[in-house]
$ cat data13.cif   # mmCIF, C-alpha atoms
data_protein
#
loop_
_atom_site.label_atom_id
_atom_site.label_comp_id
_atom_site.auth_asym_id
_atom_site.auth_seq_id
_atom_site.Cartn_x
_atom_site.Cartn_y
_atom_site.Cartn_z
CA MET A 1 -11.08 -23.04 16.85
CA GLY A 2 -8.30 -21.03 18.40
CA ASP A 3 -7.15 -17.47 18.69
CA PHE A 4 -7.09 -15.20 15.66
CA VAL A 5 -5.83 -11.72 15.01
CA THR A 6 -7.09 -9.66 12.07
CA ILE A 7 -5.04 -6.72 10.88
CA ARG A 8 -5.92 -3.88 8.52
CA THR A 9 -3.74 -1.05 7.40
CA ALA A 10 -4.78 2.40 6.18
CA ILE A 11 -8.08 3.14 4.43
CA ASN A 12 -7.96 4.59 0.89
CA GLY A 13 -4.78 6.66 1.18
CA SER A 14 -1.67 7.00 3.27
CA SER A 15 -2.10 7.29 7.04
CA PRO A 16 1.08 7.73 9.10
CA SER A 17 -0.89 7.72 12.35
CA ARG A 18 -2.30 4.31 11.48
CA TYR A 19 1.20 3.01 10.73
CA MET A 20 2.45 4.23 14.08
CA PHE A 21 -0.58 2.71 15.77
CA LEU A 22 0.21 -0.66 14.20
CA ALA A 23 3.88 -0.40 15.12
CA LYS A 24 2.93 0.28 18.74
CA PHE A 25 0.14 -2.19 19.36
CA LEU A 26 0.70 -5.21 17.14
CA PRO A 27 1.73 -8.42 18.90
CA ARG A 28 5.41 -8.76 19.76
CA GLU A 29 6.34 -11.04 16.88
CA PHE A 30 4.88 -8.61 14.33
CA GLU A 31 6.85 -5.82 12.76
CA TYR A 32 5.30 -3.25 10.49
CA LEU A 33 7.62 -2.30 7.62
CA TYR A 34 7.51 -0.20 4.49
CA ASN A 35 9.85 0.66 1.64
CA GLN A 36 10.57 3.67 -0.55
CA ALA A 37 8.06 2.48 -3.15
CA GLY A 38 5.22 2.90 -0.65
CA ARG A 39 4.63 -0.81 -0.23
CA HIS A 40 3.81 -1.97 3.27
CA TYR A 41 4.60 -5.32 4.81
CA LEU A 42 4.13 -7.28 7.98
CA GLN A 43 7.10 -9.26 9.11
CA VAL A 44 6.13 -12.26 11.20
CA HIS A 45 8.79 -14.75 12.32
CA GLY A 46 11.07 -13.43 9.55
CA GLU A 47 8.45 -13.88 6.80
CA LEU A 48 7.10 -10.88 4.87
CA PHE A 49 3.39 -10.43 4.14
CA TYR A 50 2.22 -7.69 1.81
CA MET A 51 -0.35 -5.29 3.29
CA ALA A 52 -2.80 -3.66 0.86
CA LYS A 53 -4.91 -0.66 1.80
CA MET A 54 -8.65 -1.14 1.96
CA LYS A 55 -10.94 0.96 -0.22
CA MET A 56 -14.05 2.55 1.18
CA THR A 57 -16.26 5.55 0.53
CA TYR A 58 -18.21 7.49 3.14
CA ASP A 59 -21.69 8.80 2.53
CA TYR A 60 -21.77 11.86 4.74
CA ALA A 61 -25.49 12.48 4.18
CA LYS A 62 -26.66 8.99 5.13
CA ARG A 63 -23.86 8.48 7.67
CA THR A 64 -22.88 5.16 6.16
CA ALA A 65 -19.72 3.61 4.81
CA ASP A 66 -19.52 1.59 1.62
CA ILE A 67 -16.64 -0.86 1.58
CA LYS A 68 -15.35 -1.34 -1.97
CA GLN A 69 -12.49 -3.63 -1.13
CA ASP A 70 -11.90 -5.03 2.33
CA ASN A 71 -8.22 -5.91 2.56
CA TYR A 72 -7.17 -7.62 5.74
CA ILE A 73 -4.80 -10.30 6.82
CA LYS A 74 -5.71 -12.86 9.44
CA PHE A 75 -3.37 -14.94 11.57
CA LYS A 76 -4.00 -17.85 13.84
CA ALA A 77 -2.05 -17.99 17.08
CA GLU A 78 -0.83 -21.41 18.12
CA GLY A 79 1.73 -21.93 20.86
CA GLY A 80 3.30 -18.50 20.47
CA ARG A 81 3.53 -18.77 16.68
CA PHE A 82 1.32 -16.99 14.16
CA THR A 83 0.20 -18.64 10.93
CA ARG A 84 -1.58 -16.81 8.14
CA VAL A 85 -5.04 -18.25 7.51
CA SER A 86 -6.48 -15.63 5.11
CA ASP A 87 -5.62 -15.28 1.44
CA PRO A 88 -2.55 -13.21 0.56
CA LEU A 89 -3.45 -9.63 -0.30
CA PRO A 90 -3.24 -8.64 -3.99
CA TYR A 91 0.05 -7.05 -4.93
CA PRO A 92 -0.52 -4.34 -7.58
CA THR A 93 1.26 -5.04 -10.86
CA ARG A 94 1.32 -3.30 -14.19
CA ALA A 95 -0.23 -5.99 -16.37
CA LYS A 96 0.09 -5.44 -20.13
CA ASP A 97 -2.71 -5.91 -22.63
CA PRO A 98 -1.33 -8.44 -25.19
CA GLU A 99 -3.45 -7.09 -28.07
CA MET A 100 -2.35 -3.53 -27.50
CA LYS A 101 1.26 -4.69 -27.14
CA ALA A 102 1.09 -6.59 -30.48
CA HIS A 103 -0.37 -3.51 -32.15
CA TYR A 104 2.11 -0.95 -30.83
CA ASP A 105 5.38 -2.95 -30.67
CA PRO A 106 6.24 -2.78 -34.44
CA LEU A 107 5.28 0.90 -34.52
CA ILE A 108 7.49 1.68 -31.56
CA THR A 109 10.38 -0.32 -33.08
CA SER A 110 10.19 1.54 -36.39
CA TYR A 111 9.97 4.86 -34.58
CA TRP A 112 13.00 3.89 -32.47
CA GLU A 113 15.05 3.03 -35.59
CA TRP A 114 14.06 6.30 -37.25
CA MET A 115 15.00 8.23 -34.10
CA CYS A 116 18.37 6.48 -33.83
CA MET A 117 19.25 7.87 -37.25
CA MET A 118 17.63 11.28 -36.99
CA LEU A 119 18.30 12.21 -33.37
CA PRO A 120 21.84 13.47 -33.99
CA VAL A 121 20.41 15.81 -36.60
CA LEU A 122 17.35 16.93 -34.70
CA GLY A 123 18.49 16.74 -31.14
CA ASP A 124 22.07 18.04 -31.09
CA ILE A 125 22.25 21.61 -29.87
CA ASN A 126 25.75 22.09 -31.30
CA ALA A 127 25.11 23.47 -34.80
CA MET A 128 28.56 22.46 -36.09
CA VAL A 129 28.11 18.82 -35.10
CA ARG A 130 24.55 18.79 -36.39
CA ASP A 131 25.48 20.30 -39.76
CA SER A 132 28.46 18.04 -40.25
CA TYR A 133 26.30 14.98 -39.58
CA ALA A 134 23.63 16.29 -41.95
CA LYS A 135 26.28 16.83 -44.65
CA GLN A 136 27.62 13.38 -44.05
CA LEU A 137 24.15 11.93 -44.48
CA LYS A 138 23.66 14.01 -47.61
CA PHE A 139 27.03 12.87 -48.95
CA MET A 140 26.17 9.24 -48.28
CA TYR A 141 22.81 9.76 -49.93
CA GLY A 142 24.59 11.33 -52.94
CA ILE A 143 26.90 8.37 -53.30
CA LEU A 144 23.91 6.11 -53.10
CA LEU A 145 22.15 8.09 -55.82
CA GLU A 146 25.27 7.96 -58.01
CA ARG A 147 25.50 4.22 -57.60
CA MET A 148 21.83 3.81 -58.37
CA LYS A 149 22.05 6.04 -61.49
CA PRO A 150 22.59 3.27 -64.07
CA TYR A 151 19.56 1.51 -62.78
CA ARG A 152 17.26 4.55 -62.63
CA CYS A 153 14.73 5.26 -65.35
CA THR A 154 14.38 8.95 -66.23
CA LYS A 155 12.60 10.85 -68.99
CA ASP A 156 15.91 11.51 -70.93
CA THR A 157 16.86 7.86 -71.32
CA MET B 158 14.45 -4.24 -0.88
CA ASP B 159 15.21 -1.59 1.75
CA LEU B 160 12.58 -1.74 4.49
CA HIS B 161 11.97 0.75 7.28
CA THR B 162 9.92 0.68 10.46
CA ALA B 163 7.29 3.27 11.29
CA PRO B 164 8.64 5.97 13.63
CA GLN B 165 7.73 5.52 17.28
CA TRP B 166 8.22 8.19 19.88
CA LEU B 167 5.55 6.88 22.21
CA PRO B 168 5.72 3.74 24.33
CA SER B 169 4.43 0.59 22.71
CA TYR B 170 2.16 -1.98 24.28
CA HIS B 171 2.01 -5.43 22.77
CA LEU B 172 -0.79 -7.88 23.43
CA ASN B 173 -0.11 -11.32 22.07
CA THR B 174 -3.04 -13.57 22.83
CA PHE B 175 -6.78 -13.36 23.19
CA ASP B 176 -6.54 -13.95 26.94
CA GLU B 177 -4.07 -11.08 27.33
CA VAL B 178 -6.42 -8.78 25.44
CA ALA B 179 -9.43 -9.87 27.49
CA LYS B 180 -7.54 -9.40 30.78
CA HIS B 181 -6.26 -6.04 29.63
CA TYR B 182 -9.77 -4.90 28.73
CA GLU B 183 -11.09 -5.86 32.16
CA ARG B 184 -8.16 -4.22 33.92
CA ILE B 185 -8.55 -0.79 32.29
CA THR B 186 -10.79 1.72 34.01
CA PRO B 187 -13.04 3.52 31.51
CA LEU B 188 -12.52 7.24 31.12
CA ARG B 189 -14.44 9.41 33.53
CA GLY B 190 -15.65 12.98 33.25
CA LYS B 191 -17.57 14.00 30.18
CA ASN B 192 -16.78 10.63 28.50
CA LYS B 193 -18.08 8.51 31.35
CA ASN B 194 -21.09 7.25 29.37
CA ASP B 195 -19.06 6.28 26.29
CA ASP B 196 -17.10 3.40 27.86
CA ILE B 197 -13.81 4.56 26.39
CA ARG B 198 -10.89 2.36 27.42
CA PRO B 199 -7.50 3.62 26.19
CA ILE B 200 -5.11 0.84 25.19
CA HIS B 201 -2.00 2.18 26.82
CA PRO B 202 -2.37 2.39 30.63
CA SER B 203 0.09 5.27 30.93
CA ARG B 204 -1.32 7.26 28.01
CA ARG B 205 -4.97 7.67 28.89
CA ASP B 206 -4.94 11.05 27.17
CA ARG B 207 -4.80 9.29 23.82
CA LYS B 208 -8.42 8.23 23.99
CA TRP B 209 -8.67 7.60 20.25
CA GLU B 210 -6.37 4.60 20.71
CA ARG B 211 -8.85 2.39 22.45
CA ILE B 212 -9.79 -1.18 23.06
CA MET B 213 -13.39 -2.26 22.51
CA LYS B 214 -15.33 -5.36 23.34
CA LEU B 215 -17.48 -6.16 20.36
CA ASP B 216 -18.54 -9.57 21.44
CA ASP B 217 -17.63 -12.17 24.06
CA ASN B 218 -15.28 -13.61 21.46
CA VAL B 219 -14.08 -10.47 19.67
CA TYR B 220 -12.09 -7.51 20.95
CA ALA B 221 -10.93 -4.65 18.73
CA LEU B 222 -7.96 -2.33 19.02
CA ALA B 223 -8.73 0.77 17.03
CA ASP B 224 -7.36 4.21 16.39
CA TRP B 225 -9.39 7.18 15.19
CA GLU B 226 -9.44 6.01 11.58
CA GLY B 227 -10.76 2.65 12.67
CA MET B 228 -13.70 4.18 14.49
CA HIS B 229 -14.61 7.08 12.28
CA PRO B 230 -17.82 8.71 13.59
CA LEU B 231 -19.50 7.94 10.28
CA ILE B 232 -18.76 4.25 10.45
CA PRO B 233 -21.65 2.29 11.97
CA LYS B 234 -20.70 0.33 15.06
CA GLU B 235 -21.62 -2.91 13.31
CA LEU B 236 -18.69 -2.35 10.96
CA TYR B 237 -16.13 -1.73 13.69
CA PRO B 238 -14.70 -5.26 13.47
CA GLN B 239 -14.03 -4.63 9.80
CA HIS B 240 -12.08 -1.46 10.48
CA ALA B 241 -10.07 -2.30 13.54
CA GLN B 242 -7.35 -4.72 14.51
CA SER B 243 -9.49 -7.37 16.07
CA PHE B 244 -8.59 -10.24 18.33
CA GLY B 245 -11.02 -13.09 18.03
CA SER B 246 -11.46 -16.45 19.66
CA ALA B 247 -13.49 -19.00 17.74
CA THR B 248 -14.89 -21.85 19.73
#

$ encode --input "data13.cif" --output "structure tokens"
Amino acid sequence: MGDFVTIRTAINGSSPSRYMFLAKFLPREFEYLYNQAGRHYLQVHGELFYMAKMKMTYDYAKRTADIKQDNYIKFKAEGGRFTRVSDPLPYPTRAKDPEMKAHYDPLITSYWEWMCMMLPVLGDINAMVRDSYAKQLKFMYGILLERMKPYRCTKDT
Amino acid sequence: MDLHTAPQWLPSYHLNTFDEVAKHYERITPLRGKNKNDDIRPIHPSRRDRKWERIMKLDDNVYALADWEGMHPLIPKELYPQHAQSFGSAT
């Protein structure tokens, strides 16, 4: 019982004319806002409500519309104040698959460690710097080999 | 979070309550001429040329404010409430 207002934003994609329509004809307490990330909000009495676009496909042959996802927000008007009565609209997030993360994390870490060591050799465009670093690595590797010599088993010994 | 408002270069017209919407609907004269049979009632009284911004009476208890996207010619009229900004009064 009471007065309700139901609001929908654009269908499928971006629609600047719909945003201007909402800015012009929404009730006075409503303000239609958006940010640089393309997220749209309704500001009502200082509170922000996320607005998701609805998804729908048209069948031009049958002249029908198939609503995939009907996103709307509904407010109840009571004594000049508006209260949201519908569920909050889903905010899109980039959820990670835990199994995939567990599989790829050690691989990415080992690749990162390898790149930290090899990037100065592979990625530096200055040949002098690159060569000096490669020589330094080679020198360090030579010292390591020398130190390991007493412990190495070869065919001569 | 840096928020912006949609640009407006045309006059706005805010309707706050169901009664205001109902009175506004009754007050507007439908478009005449070739659209006289379509019962088109533009929302803004001073911008009757923008006939795609219209107010519709869907039911005694439901009015809809729709722009062109909200009343696409392919959308059946039964679905209008699901595509427009609707003002409803439940009793």

$ resolve_selection --input "data13.cif" --expression "the PyMOL selection byres ((chain A) within 9 of (chain B))" --output "tab-separated table (two decimals) with C-alpha atoms, keeping the file's coordinate frame"
chain	number	residue	atom	x	y	z
A	1	MET	CA	-11.08	-23.04	16.85
A	2	GLY	CA	-8.30	-21.03	18.40
A	3	ASP	CA	-7.15	-17.47	18.69
A	4	PHE	CA	-7.09	-15.20	15.66
A	5	VAL	CA	-5.83	-11.72	15.01
A	6	THR	CA	-7.09	-9.66	12.07
A	7	ILE	CA	-5.04	-6.72	10.88
A	8	ARG	CA	-5.92	-3.88	8.52
A	9	THR	CA	-3.74	-1.05	7.40
A	10	ALA	CA	-4.78	2.40	6.18
A	11	ILE	CA	-8.08	3.14	4.43
A	15	SER	CA	-2.10	7.29	7.04
A	16	PRO	CA	1.08	7.73	9.10
A	17	SER	CA	-0.89	7.72	12.35
A	18	ARG	CA	-2.30	4.31	11.48
A	19	TYR	CA	1.20	3.01	10.73
A	20	MET	CA	2.45	4.23	14.08
A	21	PHE	CA	-0.58	2.71	15.77
A	22	LEU	CA	0.21	-0.66	14.20
A	23	ALA	CA	3.88	-0.40	15.12
A	24	LYS	CA	2.93	0.28	18.74
A	25	PHE	CA	0.14	-2.19	19.36
A	26	LEU	CA	0.70	-5.21	17.14
A	27	PRO	CA	1.73	-8.42	18.90
A	28	ARG	CA	5.41	-8.76	19.76
A	29	GLU	CA	6.34	-11.04	16.88
A	31	GLU	CA	6.85	-5.82	12.76
A	32	TYR	CA	5.30	-3.25	10.49
A	33	LEU	CA	7.62	-2.30	7.62
A	34	TYR	CA	7.51	-0.20	4.49
A	35	ASN	CA	9.85	0.66	1.64
A	36	GLN	CA	10.57	3.67	-0.55
A	40	HIS	CA	3.81	-1.97	3.27
A	41	TYR	CA	4.60	-5.32	4.81
A	58	TYR	CA	-18.21	7.49	3.14
A	59	ASP	CA	-21.69	8.80	2.53
A	60	TYR	CA	-21.77	11.86	4.74
A	62	LYS	CA	-26.66	8.99	5.13
A	63	ARG	CA	-23.86	8.48	7.67
A	64	THR	CA	-22.88	5.16	6.16
A	65	ALA	CA	-19.72	3.61	4.81
A	70	ASP	CA	-11.90	-5.03	2.33
A	72	TYR	CA	-7.17	-7.62	5.74
A	77	ALA	CA	-2.05	-17.99	17.08
A	80	GLY	CA	3.30	-18.50	20.47

$ residues_around --input "data13.cif" --residues "Phe49 in chain A" --least-positions-apart "2" --cutoff "9 Å" --atoms "all atoms listed in the file" --output "number ranges by chain"
A: 40-44, 47, 51, 73, 88-89

$ atom_distance --input "data13.cif" --atom1 "CA of Gly38 in chain A" --atom2 "CA of Lys53 in chain A"
11.0 Å

$ residues_around --input "data13.cif" --residues "Asp196 in chain B" --least-positions-apart "4" --cutoff "9 Å" --atoms "all atoms listed in the file" --output "list in words"
Thr186, Pro187, Leu188, Arg189, Asn192 and Met213 of chain B
